[in-house]
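Note sheet for the following structure.
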Amino acid sequence: MVKQYWTRRRIWLLISLVILGLAAVLFTSHNERFYRQPIAKVMSERTVGKRRVKDQFDNVDHQYSQQLRVKLMNGKYRNQELTVQNTYSDSQPMDQHYRVGNEIFLTQVRKQNGKLTANVDGYKRDTVIVFLLWLVILMLLLLMGRPGLFALLSVVINAILFLIAIEIDLRQNGQHIMMLFSILAVIFTFISLLLVLGFSKRMLATFAATVMGTFIALGVSMLVFAWTHERGVYYESMEYVTQVPRPLFLAETLLGSLGAVMDESSDIIATLFELKQLNPQVTRKQLFISGRNVGKSIMGPLINVLFLIFMVETFTGSLLYIKNGNSWGYTYAMNMSLGTIQSLISGIGIVLSVPLVSLFGALLLGKKVPK
């Protein structure tokens with residue numbers, strides 16, 4: 001079994017990926033000259049001050065003054081050393097504690113009275129990002145092979161399409177955002193399933209169920225919004241929104257629901273396809289019942305996964321609201337209500353997709369019973 005897995009092709013693939021990964025990490029570790037912004041390496045650091053901070057809500061923190069001796073690695077002052085100041089706290093909400101060996105960005109590097117001065121502007125993280133990206137690609141290709149390659153390709157294509165859609169939305173100032181992202185959702189689904197499953201009955205059944213389940217769920221939610229006059233929906237809690245918030249929220253919900261529904265539909269169709277492979281004479285009714293049973297089994301865990309993702313997204317913000325003297329009701333309204341609504345809409349899509357994908361899978365894969 002081990003010999004069958006480690007074929008010559010896989011061995012050469014592993015060697016190539018390791019070489020490419022090492023080359024990429026080595027390059028990003030020594031690519032300072034390609035940056036316009038000054039980059040420096042921390043040669044030494046020491047804490048020169050500490051003070052206790054307490055706000056009106058009795059939240060206690062400690063702030064530290066850090067003195068860094070750094071060496072410039074690019075620009076016209078390359079190889080010169082200077083001392084910069086940094087302030088960080090125990091909680092580190094918007095600051096960092098730098099250590100010897102860290103590479104950091106600097107701003108306002110200039111000479112004053114013959115002495116270099118600068119301000120710290122954050123970590124240089126490209127080496128870590130490239131390493132993690134290489135690790136993901138390595139695991140996808142080695143463990144999944146060809147399907148992993150197509151999955152990676154679908155992510156890249158969808159990311160490019162998403163950036164193009166954002167650019168179009170910015171040019172239109174959000175005037176047709178729902179139409180734009182509705183079209184994008186259909187394209188996302190088609191490309192992802194086409195690359196992963198190929199053009200087949202499995203792909204068509206999954207595509208139809210995913211699109212219908214997602215848009216029906218969004219339609220049901222909009223009917224509820226109209227019936228309740230959107231009471232309890234606090235669009236003003238959306239941060240840094242420079243467009244009309246309602247269509248932007250609906251577009252976010254559409255894309256979020258799409259991922260959950262596609263995940264469930266793919267699982268059910270994969271199970272039905274395996275049943276068809278094991279028993280070519282399986283009937284449509286049997287496949288429909290099997291798909292519905294599979295959906296019942298995975299529906300609960302999938303909804304809980306969405307809830308946990310929502311909790312993680314709002315956890316730090318909720319703590320910040322509560323520790324600053326806000327009530328649980330206000331914290332929920334301004335930090336958690338929109339996420340809850342999105343989770344509920346996604347849950348509706350998950351529930352609706354079970355009979356839909358079971359039906360489409362049974363019609364396309366099942367054997368018709370002769371009368």
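Identifiers in this document derive from the order of the structure tokens: chains are assigned A, B, ..., residues are numbered from 1 separately in each chain, and ligands are numbered from 1 in order of occurrence.
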Just list as a ChimeraX atom specification whatever in segment 11-206 of chain A DSSP marks as alpha helix (DSSP H). /A:11-29,126-139,146-172,177-197,201-206
Could you produce a table of the residues of segment 55-86 of chain A lying within 9 Å of segment 110-118 of chain A, with the nearest pair of atoms per residue and their separation in Å rounded to one decimal, using only C-alpha atoms, ordered by chain and increasing residue number, as JSON lines?
```
{"residue": "A:Tyr77", "atom": "CA", "partner": "A:Leu116", "partner_atom": "CA", "distance": 8.8}
{"residue": "A:Gln80", "atom": "CA", "partner": "A:Leu116", "partner_atom": "CA", "distance": 8.7}
{"residue": "A:Glu81", "atom": "CA", "partner": "A:Leu116", "partner_atom": "CA", "distance": 8.1}
{"residue": "A:Leu82", "atom": "CA", "partner": "A:Leu116", "partner_atom": "CA", "distance": 5.9}
{"residue": "A:Thr83", "atom": "CA", "partner": "A:Thr117", "partner_atom": "CA", "distance": 7.2}
{"residue": "A:Val84", "atom": "CA", "partner": "A:Ala118", "partner_atom": "CA", "distance": 6.2}
{"residue": "A:Gln85", "atom": "CA", "partner": "A:Ala118", "partner_atom": "CA", "distance": 8.6}
```
What does the file look like for those residues with C-alpha atoms, as a PDB file, in the first residue's frame?
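File written: out-v4.pdb
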```pdb
ATOM      1  CA  TYR A  77      20.430  54.455   4.773  1.00  0.00           C
ATOM      2  CA  GLN A  80      22.999  52.039   9.299  1.00  0.00           C
ATOM      3  CA  GLU A  81      21.751  51.563  12.844  1.00  0.00           C
ATOM      4  CA  LEU A  82      19.390  53.733  14.835  1.00  0.00           C
ATOM      5  CA  THR A  83      17.292  53.636  17.982  1.00  0.00           C
ATOM      6  CA  VAL A  84      13.497  53.721  17.777  1.00  0.00           C
ATOM      7  CA  GLN A  85      10.831  53.811  20.454  1.00  0.00           C
TER       8      GLN A  85
END
```
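For the pair atom CA of Lys124 of chain A and atom CA of Arg78 of chain A, the interatomic distance is 16.6 Å.
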Each residue of segment 250-342 of chain A with at least one atom at most 9 Å from segment 219-239 of chain A should appear once, together with its nearest atom pair and the corresponding distance in Å (one decimal); atoms considered: only C-alpha atoms; ordering: chain, then increasing residue number; output as JSON lines.
```
{"residue": "A:Ala333", "atom": "CA", "partner": "A:Tyr234", "partner_atom": "CA", "distance": 6.7}
{"residue": "A:Met334", "atom": "CA", "partner": "A:Ser237", "partner_atom": "CA", "distance": 5.0}
{"residue": "A:Asn335", "atom": "CA", "partner": "A:Ser237", "partner_atom": "CA", "distance": 6.6}
{"residue": "A:Ser337", "atom": "CA", "partner": "A:Val233", "partner_atom": "CA", "distance": 6.9}
{"residue": "A:Leu338", "atom": "CA", "partner": "A:Val233", "partner_atom": "CA", "distance": 6.7}
{"residue": "A:Ile341", "atom": "CA", "partner": "A:Val233", "partner_atom": "CA", "distance": 8.2}
```
Would you mind exporting the chosen residues as a PDB file, in the first residue's frame, restricted to all heavy atoms?
```
ATOM      1  N   ALA A 333     -27.124  43.699  20.256  1.00  0.00           N
ATOM      2  CA  ALA A 333     -27.709  44.469  19.159  1.00  0.00           C
ATOM      3  C   ALA A 333     -26.638  45.032  18.239  1.00  0.00           C
ATOM      4  O   ALA A 333     -26.776  44.997  17.007  1.00  0.00           O
ATOM      5  CB  ALA A 333     -28.582  45.598  19.725  1.00  0.00           C
ATOM      6  N   MET A 334     -25.556  45.551  18.798  1.00  0.00           N
ATOM      7  CA  MET A 334     -24.565  46.257  17.994  1.00  0.00           C
ATOM      8  C   MET A 334     -23.413  45.376  17.518  1.00  0.00           C
ATOM      9  O   MET A 334     -22.666  45.778  16.637  1.00  0.00           O
ATOM     10  CB  MET A 334     -23.996  47.430  18.811  1.00  0.00           C
ATOM     11  CG  MET A 334     -25.039  48.433  19.233  1.00  0.00           C
ATOM     12  SD  MET A 334     -26.051  49.057  17.852  1.00  0.00           S
ATOM     13  CE  MET A 334     -24.807  49.905  16.890  1.00  0.00           C
ATOM     14  N   ASN A 335     -23.284  44.182  18.100  1.00  0.00           N
ATOM     15  CA  ASN A 335     -22.123  43.372  17.741  1.00  0.00           C
ATOM     16  C   ASN A 335     -22.463  41.955  17.286  1.00  0.00           C
ATOM     17  O   ASN A 335     -21.650  41.315  16.612  1.00  0.00           O
ATOM     18  CB  ASN A 335     -21.165  43.284  18.948  1.00  0.00           C
ATOM     19  CG  ASN A 335     -19.813  42.731  18.584  1.00  0.00           C
ATOM     20  OD1 ASN A 335     -19.143  43.224  17.681  1.00  0.00           O
ATOM     21  ND2 ASN A 335     -19.411  41.680  19.275  1.00  0.00           N
ATOM     22  N   SER A 337     -26.109  40.852  16.475  1.00  0.00           N
ATOM     23  CA  SER A 337     -27.424  40.622  15.864  1.00  0.00           C
ATOM     24  C   SER A 337     -27.322  40.280  14.375  1.00  0.00           C
ATOM     25  O   SER A 337     -27.987  39.354  13.897  1.00  0.00           O
ATOM     26  CB  SER A 337     -28.320  41.855  16.055  1.00  0.00           C
ATOM     27  OG  SER A 337     -27.748  42.990  15.435  1.00  0.00           O
ATOM     28  N   LEU A 338     -26.494  41.006  13.623  1.00  0.00           N
ATOM     29  CA  LEU A 338     -26.387  40.730  12.189  1.00  0.00           C
ATOM     30  C   LEU A 338     -25.782  39.352  11.937  1.00  0.00           C
ATOM     31  O   LEU A 338     -26.193  38.643  11.009  1.00  0.00           O
ATOM     32  CB  LEU A 338     -25.551  41.810  11.504  1.00  0.00           C
ATOM     33  CG  LEU A 338     -26.158  43.217  11.471  1.00  0.00           C
ATOM     34  CD1 LEU A 338     -25.260  44.170  10.686  1.00  0.00           C
ATOM     35  CD2 LEU A 338     -27.550  43.198  10.859  1.00  0.00           C
ATOM     36  N   ILE A 341     -28.480  36.776  12.451  1.00  0.00           N
ATOM     37  CA  ILE A 341     -29.404  36.737  11.312  1.00  0.00           C
ATOM     38  C   ILE A 341     -28.771  35.984  10.140  1.00  0.00           C
ATOM     39  O   ILE A 341     -29.423  35.152   9.492  1.00  0.00           O
ATOM     40  CB  ILE A 341     -29.792  38.170  10.901  1.00  0.00           C
ATOM     41  CG1 ILE A 341     -30.625  38.821  12.004  1.00  0.00           C
ATOM     42  CG2 ILE A 341     -30.580  38.162   9.591  1.00  0.00           C
ATOM     43  CD1 ILE A 341     -30.854  40.296  11.816  1.00  0.00           C
TER      44      ILE A 341
END
```
Looking at only C-alpha atoms, which of A:Ser29, A:Thr253, A:Asn293, A:Asn326 is the one that sits closest to Thr271 of chain A? A:Asn293
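When the distance limit is 7 Å and only C-alpha atoms are what count, the residues near segment 351-365 of chain A, minus those fewer than 3 positions from it on the same chain, are Lys201, Ala205, Thr206, Ala209, Thr210, Gly213, Val261, Ser265, Ile269, Leu272, Lys276, Arg284, Lys285, Leu287, Phe288, Gly291, Arg292, Gly295, Gly347 and Ile348 of chain A.
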Neighbours of Phe34 of chain A within 10 Å (only C-alpha atoms; same-chain residues fewer than 3 positions away dropped), as a list of chain:residue names? A:Thr28, A:His30, A:Asn31, A:Gln37, A:Asn74, A:Gly75
Might you pull out every residue within 9 Å of segment 299-307 of chain A, with only C-alpha atoms counted and same-chain residues fewer than 5 positions away left off, and present them as a list in words? Ala260, Asp263, Glu264, Val294, Val312, Thr340, Ser343, Leu344, Ser346, Gly347, Ile350, Val351 and Val354 of chain A
Output of the above residues as a PDB file, in the first residue's frame, restricted to N, CA, C and O atoms:
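The resulting selection-v1.pdb:
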```pdb
ATOM      1  N   ALA A 260     -22.092  27.310   2.887  1.00  0.00           N
ATOM      2  CA  ALA A 260     -22.669  26.270   3.738  1.00  0.00           C
ATOM      3  C   ALA A 260     -23.536  25.310   2.937  1.00  0.00           C
ATOM      4  O   ALA A 260     -23.454  24.085   3.109  1.00  0.00           O
ATOM      5  N   ASP A 263     -21.442  23.036   0.691  1.00  0.00           N
ATOM      6  CA  ASP A 263     -20.784  21.996   1.480  1.00  0.00           C
ATOM      7  C   ASP A 263     -21.728  20.834   1.726  1.00  0.00           C
ATOM      8  O   ASP A 263     -21.391  19.660   1.493  1.00  0.00           O
ATOM      9  N   GLU A 264     -22.938  21.138   2.191  1.00  0.00           N
ATOM     10  CA  GLU A 264     -23.892  20.074   2.474  1.00  0.00           C
ATOM     11  C   GLU A 264     -24.311  19.347   1.197  1.00  0.00           C
ATOM     12  O   GLU A 264     -24.379  18.109   1.171  1.00  0.00           O
ATOM     13  N   VAL A 294     -29.009  11.180   5.051  1.00  0.00           N
ATOM     14  CA  VAL A 294     -27.671  11.773   5.172  1.00  0.00           C
ATOM     15  C   VAL A 294     -27.777  13.242   5.561  1.00  0.00           C
ATOM     16  O   VAL A 294     -27.042  13.738   6.429  1.00  0.00           O
ATOM     17  N   VAL A 312     -16.893  32.895  17.187  1.00  0.00           N
ATOM     18  CA  VAL A 312     -15.486  33.294  17.122  1.00  0.00           C
ATOM     19  C   VAL A 312     -15.349  34.696  16.551  1.00  0.00           C
ATOM     20  O   VAL A 312     -14.534  35.507  17.026  1.00  0.00           O
ATOM     21  N   THR A 340     -26.088  36.775  13.895  1.00  0.00           N
ATOM     22  CA  THR A 340     -27.137  35.800  14.215  1.00  0.00           C
ATOM     23  C   THR A 340     -28.103  35.653  13.050  1.00  0.00           C
ATOM     24  O   THR A 340     -28.499  34.533  12.688  1.00  0.00           O
ATOM     25  N   SER A 343     -26.522  33.649  10.322  1.00  0.00           N
ATOM     26  CA  SER A 343     -26.486  32.233  10.671  1.00  0.00           C
ATOM     27  C   SER A 343     -27.854  31.584  10.484  1.00  0.00           C
ATOM     28  O   SER A 343     -27.954  30.446   9.995  1.00  0.00           O
ATOM     29  N   LEU A 344     -28.921  32.299  10.852  1.00  0.00           N
ATOM     30  CA  LEU A 344     -30.266  31.765  10.680  1.00  0.00           C
ATOM     31  C   LEU A 344     -30.610  31.582   9.208  1.00  0.00           C
ATOM     32  O   LEU A 344     -31.206  30.566   8.812  1.00  0.00           O
ATOM     33  N   SER A 346     -28.486  31.136   6.763  1.00  0.00           N
ATOM     34  CA  SER A 346     -27.692  29.998   6.297  1.00  0.00           C
ATOM     35  C   SER A 346     -28.317  28.685   6.750  1.00  0.00           C
ATOM     36  O   SER A 346     -28.327  27.697   6.007  1.00  0.00           O
ATOM     37  N   GLY A 347     -28.856  28.666   7.985  1.00  0.00           N
ATOM     38  CA  GLY A 347     -29.521  27.472   8.479  1.00  0.00           C
ATOM     39  C   GLY A 347     -30.746  27.119   7.653  1.00  0.00           C
ATOM     40  O   GLY A 347     -31.010  25.938   7.377  1.00  0.00           O
ATOM     41  N   ILE A 350     -29.519  25.498   4.555  1.00  0.00           N
ATOM     42  CA  ILE A 350     -29.070  24.123   4.827  1.00  0.00           C
ATOM     43  C   ILE A 350     -30.267  23.172   4.899  1.00  0.00           C
ATOM     44  O   ILE A 350     -30.248  22.073   4.328  1.00  0.00           O
ATOM     45  N   VAL A 351     -31.315  23.592   5.595  1.00  0.00           N
ATOM     46  CA  VAL A 351     -32.498  22.737   5.724  1.00  0.00           C
ATOM     47  C   VAL A 351     -33.175  22.542   4.372  1.00  0.00           C
ATOM     48  O   VAL A 351     -33.568  21.418   4.014  1.00  0.00           O
ATOM     49  N   VAL A 354     -31.527  19.984   1.732  1.00  0.00           N
ATOM     50  CA  VAL A 354     -31.579  18.528   1.943  1.00  0.00           C
ATOM     51  C   VAL A 354     -32.572  17.865   0.986  1.00  0.00           C
ATOM     52  O   VAL A 354     -32.202  16.955   0.237  1.00  0.00           O
TER      53      VAL A 354
END
```
Strand (DSSP E) per DSSP on the backbone: members of segment 58-228 of chain A, as a PyMOL selection string: chain A and resi 60-72+81-89+103-112+115-123
